[in-house]
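Notes for the one structure printed next.
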Amino acid sequence: MCGDLRAENDGQEVVLLGWVNRRRDLGNVIFIDVRDRTGLTQLVFDKSENPALHEKASTLRSEFVIGAIGKVRRRGEKTINRNIPTGEIEVVASELRLLNESKQPPFLPSDPALANEEVRLKYRYIDLRREPMQYNIELRHKVALAIRQYLSSKGFFEIETPFMTRSTPEGARDYLVPSRVYPGEFYALPQSPQLFKQILMISGFDKYFQIVRCFRDEDLRADRQPEFTQIDLEMSFPQPDRVFEVVEGFLQAAFKAAAHELKTPFPRMSYDEAIRNYGIDKPDLRLPKLTDVRSAFTAEQLQSLQLNPELPVVAIRIPVIGDLSRKERDENRPLFGERKEARLIDDIKRLEKSFPEAVAKLREMSGAEASDLVVLVGAPAQMEKSATRPDYGVFMAAGALRVELARKYAQRHMAFHKGGFHFAWVTDFPMFEWDENEKRWNAAHHPFTSPHERDMDKLESDPGAVRALAYDVVLNGTELGSGSIRIHRQDIQSKIFRALGMSDEEARSRFGFFLEALEYGTPPHGGIALGLDRIVMILAGAESLREVIPFPKTAKAVDLMVDAPTPVSEAQLRELGIKIR
RNA sequence: GGGGACGUAGUUCAGUUGGUUAGAACGCUGCCCUGUCACGGCAGAGGUCGCGAGUUCGAGUCUCGUCGUCCCCGCCA
């Protein structure tokens, strides 16, 4: 193919098929770079050697599809192009076929200046011809293949589950598909194959996986698409450690396919540790931890700083970037924002003038070098006692600022530039979250997650303290996947629904089929699902999922190429028994 | 639902305080050119300044609305 020829192919007769990447017409000699997904090769058309062919070559234009037959020739020392892998050779054409012409494209795949994304998405077929996109799509293929091979080799079956299924409202909004046979009734596209994979465990397929599309009708982000691909898996009789092992194994295989070696096992921490050390449940381990430096201060010092002595004083350390100017500090204030639960002390120099020993101590406690930036986040001395965990409030405010500062000064601290992949497991998530709007407990993961055995007695007395056998895998501050050991006993499942304020009838009407299945010999089981798009995005070093999804949607969930969604005909609606309001 | 950025030639962009015929680069067309590789030279074509109102003697520029794209918050069990 076009990217394959090397000096050792000298003298061979070859056929090249591809697109005209660029043409350089020097008059009596024409150079055509012919491109396919493997790369470029230079074709030469010399008027003095073959006038008719030279004439034909002069009509070629960008993105024409051609076939050429010719002889590989080593280039002269002075004409070698060191910038491309095939630069030591060229192909002297003896025959040329024009397989198809092209209109002038809105942008050229060979153009180093990138067209704006709106244009790229409308003409996605041209955008995908660009070398970086070809690379990303190939990378995606290799990663998916490595994962399939790994899981298959460990005894997992890839089993398909339906796309047209039942709406189980809770969680994200469903995409609905109207039924023609039953007017007024709808299928839902799966937000995940959760219940089906659990039922496969009940059916005895003890190791299941699927690389599967999932659908969620929520607003988009750079790292969120309405349809996205998950590596979904489930195992019977597992401890969480078994799930971690399998995930670490297939991630190692996937990263190896992308030429990166991963060390396993990944570090593990509880949700509580994650919050205390990073102020977030998806910690970015590329930067130093937070440190509670409250003990560096005396009670009087905390009072004069208007900091709450009962709550942590958290030091955020960003390496290398040094102290900030007054102007930079002012610019950074909005990153912290107006907060009730925490206050920011960003001028350590000034603090040092008042309390030199305290600052020396807190620098030591946080491990700060002289060249590191340190800022403090504490709780205001006067605060309402509303939050259940005010200490978490302080850590989380600090964690958010840590991420913002790190992002803002990425150019200076360089911690994000090494291409390092820092994985972590976060375990023991809380089982429930308090929903302030609806005044009730919600499942933090999903309602089929098993609580910790030893927290079982708190289900009614203190739901907020119940920990779940739930875990996330995190990479460089991005949540890659989330899973849990599931509930396999119907009596416990009922307790959970009750704790969520769901009546038996309500649970039956939503999940009846599943609750019934649980009663027919369900083995203990658990699993996880990881976002394939996010994995490939991080491997590709891309800023957006759109760079690794061939045909993505815009932030308003529109496909600009096919122009979807669209209205449908009155006849179609009538057939479905649907009327648009 | 809320906040922010952007929209000018096929593409990427510039366009001053509101003032002559809206510019550049790449791409495109034609001519010249035998060693280029982001070829080079000369000439040329190409514009509903996203769309609609308004202010003004005069709007790419100011105001309002609207459409679209991007980023963030909410949302994403």
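Order determines the names: the first chain of the structure tokens is A, the second B, and so forth; residues in each chain are numbered 1 upward, and ligands are numbered 1 upward as they are shown.
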So that I can check the surroundings of Phe163 of chain A, please list as a PDB file with all heavy atoms, in the first residue's frame every protein, DNA and RNA residue that reaches within 6 Å of it, counting only C-alpha atoms (C1' of nucleotides) and ignoring chain neighbours fewer than 2 positions away.
ATOM      1  N   THR A 165     -35.696  -2.086  24.327  1.00  0.00           N
ATOM      2  CA  THR A 165     -36.028  -2.729  25.579  1.00  0.00           C
ATOM      3  C   THR A 165     -37.040  -1.886  26.340  1.00  0.00           C
ATOM      4  O   THR A 165     -37.801  -1.127  25.729  1.00  0.00           O
ATOM      5  CB  THR A 165     -34.748  -3.050  26.378  1.00  0.00           C
ATOM      6  OG1 THR A 165     -35.079  -3.611  27.620  1.00  0.00           O
ATOM      7  CG2 THR A 165     -33.883  -1.834  26.575  1.00  0.00           C
ATOM      8  N   LEU A 189     -34.228   2.731  24.459  1.00  0.00           N
ATOM      9  CA  LEU A 189     -32.867   2.286  24.162  1.00  0.00           C
ATOM     10  C   LEU A 189     -32.125   2.182  25.496  1.00  0.00           C
ATOM     11  O   LEU A 189     -32.333   3.002  26.386  1.00  0.00           O
ATOM     12  CB  LEU A 189     -32.171   3.285  23.239  1.00  0.00           C
ATOM     13  CG  LEU A 189     -32.876   3.548  21.911  1.00  0.00           C
ATOM     14  CD1 LEU A 189     -32.084   4.562  21.087  1.00  0.00           C
ATOM     15  CD2 LEU A 189     -33.044   2.259  21.130  1.00  0.00           C
ATOM     16  N   PRO A 190     -31.275   1.178  25.661  1.00  0.00           N
ATOM     17  CA  PRO A 190     -30.664   0.944  26.969  1.00  0.00           C
ATOM     18  C   PRO A 190     -29.668   2.031  27.372  1.00  0.00           C
ATOM     19  O   PRO A 190     -28.842   2.449  26.568  1.00  0.00           O
ATOM     20  CB  PRO A 190     -29.949  -0.395  26.787  1.00  0.00           C
ATOM     21  CG  PRO A 190     -29.704  -0.500  25.322  1.00  0.00           C
ATOM     22  CD  PRO A 190     -30.843   0.205  24.660  1.00  0.00           C
TER      23      PRO A 190
END
Produce a table with one row for each residue of chain A that has an atom at most 8 Å from any atom of chain B, each row naming the nearest atom pair and its distance in Å at one decimal; use only C-alpha atoms (C1' of nucleotides); arrange rows by chain and rising residue number; format as CSV.
residue,atom,partner,partner_atom,distance
A:Arg24,CA,B:C39,C1',6.3
A:Leu26,CA,B:C33,C1',5.7
A:Gly27,CA,B:C33,C1',5.3
A:Asn28,CA,B:U34,C1',5.3
A:Val29,CA,B:U34,C1',5.5
A:Phe31,CA,B:U36,C1',7.0
A:Asp46,CA,B:U34,C1',7.8
A:Thr79,CA,B:G35,C1',6.7
A:Asn81,CA,B:C37,C1',7.0
A:Gln104,CA,B:G10,C1',7.7
A:Pro105,CA,B:G10,C1',7.5
A:Pro106,CA,B:G10,C1',5.2
A:Phe107,CA,B:U11,C1',5.6
A:Ala113,CA,B:U12,C1',6.6
A:Leu114,CA,B:U12,C1',7.6
A:Ala115,CA,B:U11,C1',6.3
A:Glu117,CA,B:U69,C1',7.5
A:Glu118,CA,B:U69,C1',6.0
A:Glu170,CA,B:A77,C1',5.7
A:Gly171,CA,B:A77,C1',3.8
A:Ala172,CA,B:C76,C1',6.0
A:Arg216,CA,B:C76,C1',7.7
A:Glu218,CA,B:C76,C1',6.0
A:Asp219,CA,B:C75,C1',6.8
A:Asn442,CA,B:A77,C1',7.6
A:Ala443,CA,B:A77,C1',6.0
A:Ala444,CA,B:A77,C1',6.7
A:His445,CA,B:A77,C1',5.8
A:His446,CA,B:A77,C1',4.5
A:Pro447,CA,B:A77,C1',7.0
A:Ala555,CA,B:C70,C1',8.0
Within 10 Å of Leu518 of chain A, counting only C-alpha atoms (C1' of nucleotides), which residues show up once you throw out same-chain ones fewer than 6 positions away? Write them as JSON, numbers by chain, please.
-> {"A": [198, 199, 202, 487, 488, 489, 490, 491, 493, 512]}
Using the selection just defined, write its residues with N, CA, C and O atoms as a compact mmCIF listing (two decimals), in the first residue's frame.
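The resulting file, result.txt, is reproduced below:
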# COMPACT_ATOMS: atom_id res chain seq x y z
N GLN A 198 -27.12 -8.99 34.38
CA GLN A 198 -27.37 -9.69 35.65
C GLN A 198 -28.20 -10.94 35.41
O GLN A 198 -27.98 -11.98 36.03
N ILE A 199 -29.16 -10.83 34.47
CA ILE A 199 -29.97 -12.01 34.15
C ILE A 199 -29.12 -13.10 33.48
O ILE A 199 -29.33 -14.29 33.72
N ILE A 202 -27.80 -15.09 36.16
CA ILE A 202 -28.83 -16.01 36.65
C ILE A 202 -28.94 -17.20 35.69
O ILE A 202 -29.21 -18.33 36.10
N ILE A 487 -26.66 -7.08 44.31
CA ILE A 487 -27.50 -7.79 45.27
C ILE A 487 -28.00 -9.05 44.58
O ILE A 487 -28.52 -8.97 43.47
N HIS A 488 -27.84 -10.23 45.23
CA HIS A 488 -28.35 -11.43 44.58
C HIS A 488 -29.49 -12.06 45.37
O HIS A 488 -30.00 -13.09 45.01
N ARG A 489 -29.89 -11.38 46.48
CA ARG A 489 -30.99 -11.92 47.29
C ARG A 489 -32.16 -10.97 47.26
O ARG A 489 -32.03 -9.77 47.49
N GLN A 490 -33.32 -11.56 46.99
CA GLN A 490 -34.52 -10.75 46.82
C GLN A 490 -34.87 -9.98 48.09
O GLN A 490 -35.30 -8.84 48.01
N ASP A 491 -34.63 -10.57 49.27
CA ASP A 491 -35.02 -9.88 50.52
C ASP A 491 -34.19 -8.61 50.72
O ASP A 491 -34.69 -7.58 51.16
N GLN A 493 -32.74 -6.93 48.26
CA GLN A 493 -33.18 -6.00 47.22
C GLN A 493 -34.42 -5.22 47.68
O GLN A 493 -34.52 -4.02 47.49
N GLY A 512 -40.32 -5.65 37.94
CA GLY A 512 -40.95 -6.91 38.32
C GLY A 512 -40.27 -8.12 37.73
O GLY A 512 -39.96 -9.09 38.44
Which of segment 89-182 of chain A counts as helix (DSSP H, G or I) under DSSP, as number ranges by chain please?
-> A: 117-122, 124-127, 131-153
Residue neighbourhood segment 437-440 of chain A, 10 Å, only C-alpha atoms (C1' of nucleotides), exclusion window fewer than 2 positions, as a ChimeraX atom specification | /A:432-435,442,499-501
Mind checking which residues fall within 6 Å of Gly18 of chain A, counting only C-alpha atoms (C1' of nucleotides), ignoring those fewer than 5 positions away in the same chain, and posting them as a list of chain:residue names?
-> A:Val34, A:Arg35, A:Asp36, A:Val65, A:Ile66
Please provide the set of residues having any atom within 7 Å of Arg6 of chain A, restricted to only C-alpha atoms (C1' of nucleotides), with same-chain residues fewer than 4 positions apart removed, written as number ranges by chain.
-> A: 86, 88-89
Which of A:Gly521, A:Pro240, A:Pro550, A:Gly399 sits closest to Arg276 of chain A [using only C-alpha atoms] | A:Gly399
Rank A:Ile535, A:Cys2, A:Val177, A:Ile528 by their smallest atom-to-atom distance to Gln252 of chain A, using only C-alpha atoms, and report the top residue only.
-> A:Ile535
Could you name the residues that touch Leu17 of chain A at 12 Å or less, counting only C-alpha atoms (C1' of nucleotides), but leaving out those on the same chain fewer than 4 positions away, as a PyMOL selection string?
-> chain A and resi 1-3+21+33-41+43+64-70+95-100
Just asking: which residues within segment 341-389 of chain A are strand (DSSP E or B) according to DSSP, as an MDAnalysis selection string?
-> chainID A and resid 343:345 373:378 380
Quick one: distance from atom CA of Pro524 of chain A to atom CA of Thr478 of chain A in Å, one decimal?
->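 So the answer is 29.3 Å.
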